Amino acid sequence: MSWSDRLGARGDAPKNRHIGPSEQDKSAQGAVAAVAEAFWKGRSSPSGPVDALLAAVVTALIGFGVVMVYSASAVEATVRYKDAQFFLKRQAIYAVLSIATMWITSRIDHRRLKVLTYPVLIVVTGMLVACVAGLGHKAGNAYRWIALGPVHVQPAEVAKLGIVLWLAYSLSKKADRIRSFSVGFLPHLLVVGILMLLCLKQPDFGSAVVLLFLTFTLLFVAGARVPYIAAFSMLLALAGAALVRFSGYRYARYLAWIDMDNNRADLAYQPFQSVMSFGSGGLFGLGLGRGLQVLYLPEAHTDFVSAIVGEELGFVGIVGLCAAYLVIVSRGVKIALEADDDYGSFMAFGIATLFGVQAMTNLAVAMAILPTKGLTLPFLSYGGSSLLVNAAAAGILLSISRSRTPVASQLRGAAGASPVPNAPSASAVVVASAEEGGAW
Amino acid sequence: MRNLDPRRARWIRIRMGLLCGLMALGLGGVVNGAYRIEVEDGDAWYDLAERQRQRRLHITPKRGTIYDRNGAPLAESVEVPSVSVDAVEMLRGVDEQYVPMRIQQYAERIAQALSLPAEDVVEKLSRRRRFAWLKRRVSEQEVERVRALGDRTQRYPVRGLVIEGEGRRFYPNRELAGPLLGFVATDGEGKEGIELSLEHELRGNASEVRGLRDRSGRLIFSEGIEDEQALAGHNVHLTIDKGIQFTAERELEAAMKTYEAIGGSIVVVNPENGEVLAMASSPGFNPNDYSQSDPGSRRNRCVVDRFEPGSTVKMFAIASALAAKSVAPSATIYCEEGNMAIDNVVIHDTHVHKWLTLPQILSQSSNIGTAKIALGLGEQRLYEGLRRFGFGDLTGVPLPGESVGVLRPRGRPWVQVETASAAFGQGISVTTLQLAMAAAAIANRGRLLEPILIKRITDGTGVTLSEPSPRVRRDAVPSSIARMVSEMLVAVTEGDGTGVEAAIPGFRVAGKTGTAQKIDPATGKYTDTHYVASFVGFVPAERPRLAIAVVLDEPLGGTYGGGSVAAPVFRRIGEMALRYLGVTPRGSVPMKLSEVAEQSGEDIAANTYQVLSEARAAAAPISTGVVTPSAPLKTGELRVPDLTGLPQREAVRSAATLGLDPSVEGTGRLTRQEPPPGTVLPKGSPLKLIFEPPT
């Protein structure tokens, strides 16, 4: 923990939280109390309305996710648990919880979250360490879960949001010093580097890549010097390539993905079955619940739920799904552009990127455009951690959307945003949730 | 971003815009990928997925059962467990460097459990396929041991072992009707006989179960328990009567042994509707171990083999001549005292005759008399007459490899001597089934019927899908001519006729013997040592219920004539079958079988009784001991057996096997039956079984 605090100190932490390493143990309780106090005493809630379209699309996606999880998991649940609704019941509970989470976070002024930055980062790091240290819960080949009572938490999912929170906080604080290498660039890279290493150790290559991508994105947006980013990107790309090349199972998987036809029975079984699911869908799909590939596709309800969407709803369904993510990301970017402060703007853009990158990567993996990564499809895949974290992230987006200034006067054409923040959109989805939007 | 310098805020927005552009490109890539996979290549992927589901159907649905006409199973499929392995699942999570070691360990344990060579198992596991058979058709103990290996509560479970049921064909009556039924190969495909010709019906439609099996080949039903019966193959009910078939085979076997014949065939049909009641071919085989049998013995000689029929054809030649009015029914023919030259060939009679009437020509089997009638009829009309009786044509029986037989072996009309010899069955060839059907045509007032072998086809749930009805192929001869010929044929089995051995006490038998010389394949000439002996006839002559053709190939040892070799077989089968069908002897009151035995004082009747009870025992194994020889029953009727004292399961089973519809009351042992034992009921009648617990 101590190193984390020291890093925070270097990053211009508030004076009252500057705790020396020697005093750390004694004052841990005091620090928690201070955080809680700071959190609740934060600024008053912003008065603006939330982005109703965003809220509606996210809610709709979560609901759709419950349906798809049922369709994709019924067979496996019957075989393994003798209960076709095993995964459905759980996902429905998570869905309700996550919508509640989204509602609660959207009511909190996002600026209050600043005080949660370090606690979240520390807890996440601690959980990742615990995972790697072997306290984790093993599933398949990887220690990606940690058991908290009856719930299995996937720390990597939380880490993604944690890094966005921390980067937004740190970058907005450093302002113009972001352009310097030692203050603006290196510390961020070190923190994310540690998280990435912990992820890689699990092993969870996909999450590590996402963390890195988010960091570079936000560094770039905040104004870090492009040559640094470019140089480090190349360096890390080489390191990544080396990692893949010299890690036996990853290289074997990579080769199998390259030569899928000859490995369809073993190493490339999953991507091959996934593409087959997509392909059998055709233009309009086989119909909801009529997919037959669930019998062959492992993990159909988690990482490969998009393949089942492709099979059951066809190309039309996938385009619809892409459109939903497009709405979420573009609303997120719009919120980022219109946000009142740079902290909110960075956070909004980071979250929008998180959604966009995960969704695209997941779809690309399911179509075997990219090798298998183990990334979930936001809001759709089965899994409590992923759903709750993504819902919390969406809630933060909604919260930021309440404190925005129309951007049109400041920047013409950059985003094509509507000058009226709560202008109702013509999308069909909104109609149902327009009243709901009022409650947000 | 009001807290920022507008210029910096502007730059931040521009950079965000750039990244958004990148993400838009990514989205474009994803949608493009989806379009390519789903819309452009969609059909190809769908076919591939479909093939995968098809390929994964290791087990075809349960093959339909073949029943005899009374519902006794002749061939049924039982599920036998087989063990397969998903090697990928088995080795999942094993570090690559330990894989060979693990394979070795697992293979040794599996090999021990299934009694297989360990090297073979190692090889199968090393291929690391998602599916491979380890051992098919395993025993109960082996299943138990494999279960124990895969038991997750044990310390080192072996993952990826799959036990699944696989259909195995079982022929409960062993050799009975073997060549008729055929057999099913290991891959589940019917190979001969009914199994082959009705393959499509019996197999069930595999495509109907697509998608119902998961990646390890397990049967998965998405909505609870579905009726697997609906997926099963159709059941085939034959017209074959197990009892008559049993007798026919038994008698054929006995004759084969006695006369050291190389082959034999018997067809029993019901002349009224063309239903084939028995079809025996010898040597036969046991379809349960078809691989141990000689391929020649799997042939159904009744339809596949053609032979020169000899004198049995005379009845058809004479019937044709009578129908064409080229000879008068009352005509007497001069038989040239045993020798007649046609062109440069001399034909002979076995006995020297001068003047013979038509019945005498038949009963003495005069070649010369028949030849003269044939020459009077003329080549064309004789040929057409034989064709009208179905010779040289497929009978249409649904069996594989049916021969048509040959009437004009040289492909041109007969010359005079050929016409003459064709009339007594030399120089032409026929099948046993054709002979039986042609005789049935005379029995059935001249109407040639199509043989019916399939009584009914039902689906797995018992719904009748098809039920062939009798089909008249043509009127071979007018009804009056047929009746006339029938009467003439009775003379064959009476007095000094050649077929007296075929006479059945109490019945008038119409029939004709045949003793044909075979052609020696070495010289291409007729030999004096190799014969085909046959007897074709029907009984009772005035209202025929059975038409039977008996053919024995190359009987040895002094007796080779149809009258002495084939006729007794005809008699024994006819005697038993008439009894079995409940046909009463003419002018007699119904009498008990035991009395028949007493009266006749011969062991034939005793024989028949024995055969009958054996056949009955075979048809209803449970009810042995409760069947008592009693008054003959009409077809479709049965006598309620005394089942008192039997436990519930057995009582219900025996009642159901007999063709009654049992209903149950109470528990324990059977104390009362309604209607009481001994009552004669039509088949399918309800039978109330009342049970009481033992006191």
# chains A, B, ... in the order shown; residues from 1 in each chain; ligands from 1
>>> select_by_dssp(residues="range 72-151 of chain B", states="helix (DSSP H, G or I)", output="PyMOL selection string")
chain B and resi 87-90+96-114+118-126+140-150
>>> interface_residues(of="chain A", to="chain B", cutoff="7 Å", atoms="only C-alpha atoms", output="PyMOL selection string")
chain A and resi 75+140-141+221-223+265-266+276+278-283+292+295-296+314-315+319+337+339-342+360+363-364+414
>>> residues_around(residues="range 480-487 of chain B", least_positions_apart="2", cutoff="12 Å", atoms="only C-alpha atoms", output="number ranges by chain")
B: 314-325, 327-330, 358-363, 389, 438-448, 475-478, 489-494, 508-512, 537-544, 547
>>> residues_around(residues="range 203-214 of chain A", least_positions_apart="5", cutoff="9 Å", atoms="only C-alpha atoms", output="mmCIF file with N, CA and C atoms, in the first residue's frame")
data_model
loop_
_atom_site.group_PDB
_atom_site.id
_atom_site.type_symbol
_atom_site.label_atom_id
_atom_site.label_comp_id
_atom_site.auth_asym_id
_atom_site.auth_seq_id
_atom_site.Cartn_x
_atom_site.Cartn_y
_atom_site.Cartn_z
ATOM 1 N N VAL A 132 -3.096 -12.702 -7.640
ATOM 2 C CA VAL A 132 -1.839 -13.256 -8.136
ATOM 3 C C VAL A 132 -1.177 -14.109 -7.052
ATOM 4 N N ASN A 141 -8.029 -21.685 -16.541
ATOM 5 C CA ASN A 141 -6.588 -21.692 -16.352
ATOM 6 C C ASN A 141 -6.116 -20.484 -15.557
ATOM 7 N N ALA A 142 -7.014 -19.544 -15.268
ATOM 8 C CA ALA A 142 -6.566 -18.246 -14.771
ATOM 9 C C ALA A 142 -7.159 -17.943 -13.405
ATOM 10 N N TYR A 143 -6.376 -17.209 -12.642
ATOM 11 C CA TYR A 143 -6.870 -16.722 -11.343
ATOM 12 C C TYR A 143 -7.397 -15.313 -11.553
ATOM 13 N N ARG A 144 -8.618 -15.192 -12.013
ATOM 14 C CA ARG A 144 -9.119 -13.872 -12.332
ATOM 15 C C ARG A 144 -10.162 -13.404 -11.332
ATOM 16 N N ALA A 156 -9.886 -7.165 -12.215
ATOM 17 C CA ALA A 156 -9.458 -6.504 -13.443
ATOM 18 C C ALA A 156 -10.557 -5.589 -13.981
ATOM 19 N N GLU A 157 -11.813 -6.012 -13.807
ATOM 20 C CA GLU A 157 -12.924 -5.173 -14.271
ATOM 21 C C GLU A 157 -12.951 -3.861 -13.501
ATOM 22 N N ALA A 159 -10.451 -2.568 -11.975
ATOM 23 C CA ALA A 159 -9.221 -1.830 -12.265
ATOM 24 C C ALA A 159 -9.411 -0.891 -13.451
ATOM 25 N N LYS A 160 -10.186 -1.329 -14.432
ATOM 26 C CA LYS A 160 -10.369 -0.498 -15.619
ATOM 27 C C LYS A 160 -11.025 0.826 -15.251
ATOM 28 N N ILE A 163 -8.601 2.946 -13.014
ATOM 29 C CA ILE A 163 -7.518 3.664 -13.708
ATOM 30 C C ILE A 163 -8.083 4.904 -14.390
ATOM 31 N N VAL A 164 -9.314 4.820 -14.884
ATOM 32 C CA VAL A 164 -9.921 5.999 -15.514
ATOM 33 C C VAL A 164 -10.121 7.090 -14.464
ATOM 34 N N LEU A 189 2.470 6.089 -16.325
ATOM 35 C CA LEU A 189 2.877 4.846 -16.949
ATOM 36 C C LEU A 189 3.294 3.809 -15.907
ATOM 37 N N VAL A 192 0.048 2.411 -14.132
ATOM 38 C CA VAL A 192 -0.666 1.484 -15.013
ATOM 39 C C VAL A 192 0.196 0.254 -15.305
ATOM 40 N N GLY A 193 1.523 0.479 -15.352
ATOM 41 C CA GLY A 193 2.437 -0.632 -15.586
ATOM 42 C C GLY A 193 2.300 -1.696 -14.512
ATOM 43 N N LEU A 195 -0.307 -2.210 -12.535
ATOM 44 C CA LEU A 195 -1.609 -2.891 -12.695
ATOM 45 C C LEU A 195 -1.566 -3.885 -13.857
ATOM 46 N N MET A 196 -0.928 -3.443 -14.931
ATOM 47 C CA MET A 196 -0.846 -4.332 -16.101
ATOM 48 C C MET A 196 -0.089 -5.613 -15.776
ATOM 49 N N LEU A 197 1.033 -5.447 -15.066
ATOM 50 C CA LEU A 197 1.814 -6.628 -14.715
ATOM 51 C C LEU A 197 0.969 -7.595 -13.886
ATOM 52 N N LEU A 198 0.234 -7.018 -12.942
ATOM 53 C CA LEU A 198 -0.615 -7.878 -12.110
ATOM 54 C C LEU A 198 -1.655 -8.598 -12.966
ATOM 55 N N LEU A 219 -3.864 10.190 -21.768
ATOM 56 C CA LEU A 219 -2.645 11.010 -21.839
ATOM 57 C C LEU A 219 -2.658 11.860 -23.105
ATOM 58 N N GLY A 350 -12.780 8.916 -20.880
ATOM 59 C CA GLY A 350 -12.193 7.620 -20.519
ATOM 60 C C GLY A 350 -13.246 6.531 -20.455
ATOM 61 N N ILE A 351 -14.374 6.863 -19.836
ATOM 62 C CA ILE A 351 -15.434 5.848 -19.719
ATOM 63 C C ILE A 351 -16.000 5.493 -21.093
ATOM 64 N N THR A 353 -14.466 5.664 -23.906
ATOM 65 C CA THR A 353 -13.470 4.822 -24.574
ATOM 66 C C THR A 353 -13.505 3.397 -24.036
ATOM 67 N N LEU A 354 -13.647 3.302 -22.694
ATOM 68 C CA LEU A 354 -13.709 1.977 -22.076
ATOM 69 C C LEU A 354 -14.820 1.133 -22.701
ATOM 70 N N VAL A 357 -14.012 0.570 -26.647
ATOM 71 C CA VAL A 357 -12.917 -0.362 -26.939
ATOM 72 C C VAL A 357 -13.307 -1.787 -26.549
ATOM 73 N N GLN A 358 -13.928 -1.916 -25.376
ATOM 74 C CA GLN A 358 -14.293 -3.283 -24.954
ATOM 75 C C GLN A 358 -15.298 -3.898 -25.906
ATOM 76 N N THR A 372 -8.231 -14.464 -29.475
ATOM 77 C CA THR A 372 -9.053 -14.524 -28.266
ATOM 78 C C THR A 372 -8.393 -13.767 -27.113
ATOM 79 N N LYS A 373 -9.203 -12.909 -26.462
ATOM 80 C CA LYS A 373 -8.663 -12.044 -25.421
ATOM 81 C C LYS A 373 -9.266 -12.303 -24.046
ATOM 82 N N GLY A 374 -10.494 -12.704 -24.000
ATOM 83 C CA GLY A 374 -11.144 -12.842 -22.699
ATOM 84 C C GLY A 374 -11.726 -11.547 -22.203
ATOM 85 N N LEU A 375 -12.239 -10.714 -23.100
ATOM 86 C CA LEU A 375 -12.890 -9.472 -22.683
ATOM 87 C C LEU A 375 -14.400 -9.648 -22.776
#
>>> residues_around(residues="Val184 in chain B", least_positions_apart="2", cutoff="9 Å", atoms="only C-alpha atoms", output="PyMOL selection string")
chain B and resi 168-169+182+186-192+195-196+287-288+290
>>> residues_around(residues="range 66-80 of chain B", least_positions_apart="5", cutoff="8 Å", atoms="only C-alpha atoms", output="NGL selection string")
:B and (137-138 or 165-173 or 181 or 235-242 or 455 or 619 or 657 or 659)
>>> write_last_selection(atoms="N, CA, C and O atoms", output="compact mmCIF listing (two decimals), in the first residue's frame")
# COMPACT_ATOMS: atom_id res chain seq x y z
N ARG B 137 -19.89 -50.59 -27.30
CA ARG B 137 -20.58 -51.75 -26.73
C ARG B 137 -19.84 -52.32 -25.53
O ARG B 137 -19.20 -53.35 -25.61
N VAL B 138 -19.90 -51.60 -24.46
CA VAL B 138 -19.18 -52.03 -23.27
C VAL B 138 -20.16 -52.74 -22.32
O VAL B 138 -21.37 -52.60 -22.44
N GLY B 165 -25.56 -44.18 -24.93
CA GLY B 165 -26.21 -45.38 -25.45
C GLY B 165 -26.06 -45.43 -26.96
O GLY B 165 -26.15 -44.43 -27.64
N GLU B 166 -25.82 -46.61 -27.45
CA GLU B 166 -25.71 -46.77 -28.89
C GLU B 166 -26.60 -47.93 -29.27
O GLU B 166 -26.62 -48.94 -28.58
N GLY B 167 -27.33 -47.76 -30.34
CA GLY B 167 -28.27 -48.80 -30.71
C GLY B 167 -27.57 -50.05 -31.19
O GLY B 167 -26.61 -49.99 -31.93
N ARG B 168 -28.06 -51.20 -30.72
CA ARG B 168 -27.51 -52.46 -31.20
C ARG B 168 -28.69 -53.33 -31.60
O ARG B 168 -29.68 -53.42 -30.89
N ARG B 169 -28.55 -53.95 -32.75
CA ARG B 169 -29.65 -54.75 -33.27
C ARG B 169 -29.62 -56.12 -32.59
O ARG B 169 -28.57 -56.73 -32.45
N PHE B 170 -30.79 -56.57 -32.21
CA PHE B 170 -30.90 -57.83 -31.51
C PHE B 170 -32.01 -58.64 -32.15
O PHE B 170 -33.10 -58.14 -32.38
N TYR B 171 -31.70 -59.88 -32.45
CA TYR B 171 -32.68 -60.75 -33.08
C TYR B 171 -33.05 -61.83 -32.08
O TYR B 171 -32.30 -62.80 -31.91
N PRO B 172 -34.16 -61.64 -31.37
CA PRO B 172 -34.47 -62.54 -30.25
C PRO B 172 -34.65 -63.99 -30.68
O PRO B 172 -34.45 -64.89 -29.87
N ASN B 173 -35.02 -64.23 -31.92
CA ASN B 173 -35.27 -65.61 -32.34
C ASN B 173 -34.07 -66.22 -33.06
O ASN B 173 -34.20 -67.21 -33.75
N LEU B 181 -34.83 -61.38 -42.85
CA LEU B 181 -34.68 -60.13 -42.12
C LEU B 181 -33.42 -59.39 -42.51
O LEU B 181 -33.39 -58.17 -42.56
N ASN B 235 -41.71 -48.69 -36.99
CA ASN B 235 -41.80 -50.12 -36.74
C ASN B 235 -42.44 -50.80 -37.94
O ASN B 235 -43.38 -50.26 -38.53
N VAL B 236 -41.91 -51.96 -38.28
CA VAL B 236 -42.43 -52.68 -39.44
C VAL B 236 -43.10 -53.96 -38.95
O VAL B 236 -42.50 -54.74 -38.21
N HIS B 237 -44.35 -54.12 -39.31
CA HIS B 237 -45.08 -55.35 -38.97
C HIS B 237 -45.15 -56.19 -40.23
O HIS B 237 -45.74 -55.77 -41.21
N LEU B 238 -44.53 -57.36 -40.18
CA LEU B 238 -44.53 -58.22 -41.36
C LEU B 238 -45.79 -59.07 -41.38
O LEU B 238 -46.48 -59.21 -40.37
N THR B 239 -46.06 -59.65 -42.53
CA THR B 239 -47.17 -60.59 -42.63
C THR B 239 -46.72 -61.98 -42.19
O THR B 239 -47.52 -62.89 -42.10
N ILE B 240 -45.40 -62.10 -41.97
CA ILE B 240 -44.84 -63.39 -41.56
C ILE B 240 -45.48 -63.82 -40.24
O ILE B 240 -45.65 -63.00 -39.33
N ASP B 241 -45.83 -65.11 -40.15
CA ASP B 241 -46.31 -65.64 -38.89
C ASP B 241 -45.17 -66.45 -38.28
O ASP B 241 -44.68 -67.41 -38.88
N LYS B 242 -44.77 -66.01 -37.10
CA LYS B 242 -43.61 -66.63 -36.48
C LYS B 242 -43.77 -68.15 -36.35
O LYS B 242 -42.83 -68.91 -36.59
N LYS B 455 -47.21 -55.88 -43.46
CA LYS B 455 -48.61 -55.75 -43.09
C LYS B 455 -48.93 -54.31 -42.74
O LYS B 455 -49.97 -53.78 -43.09
N ALA B 619 -43.42 -68.24 -29.67
CA ALA B 619 -44.16 -66.99 -29.87
C ALA B 619 -44.47 -66.33 -28.54
O ALA B 619 -44.50 -65.12 -28.43
N THR B 657 -48.44 -60.29 -24.64
CA THR B 657 -47.76 -61.04 -25.69
C THR B 657 -48.76 -61.83 -26.52
O THR B 657 -48.60 -62.00 -27.72
N GLY B 659 -51.66 -60.93 -27.22
CA GLY B 659 -52.48 -60.04 -28.04
C GLY B 659 -53.73 -59.58 -27.33
O GLY B 659 -54.68 -59.15 -27.96
>>> residues_around(residues="Ser326 in chain B", least_positions_apart="6", cutoff="9 Å", atoms="only C-alpha atoms", output="JSON, numbers by chain")
{"B": [320, 373, 376, 377, 378]}
>>> atom_distance(atom1="CA of Gly427 in chain B", atom2="CA of Phe391 in chain B")
13.1 Å
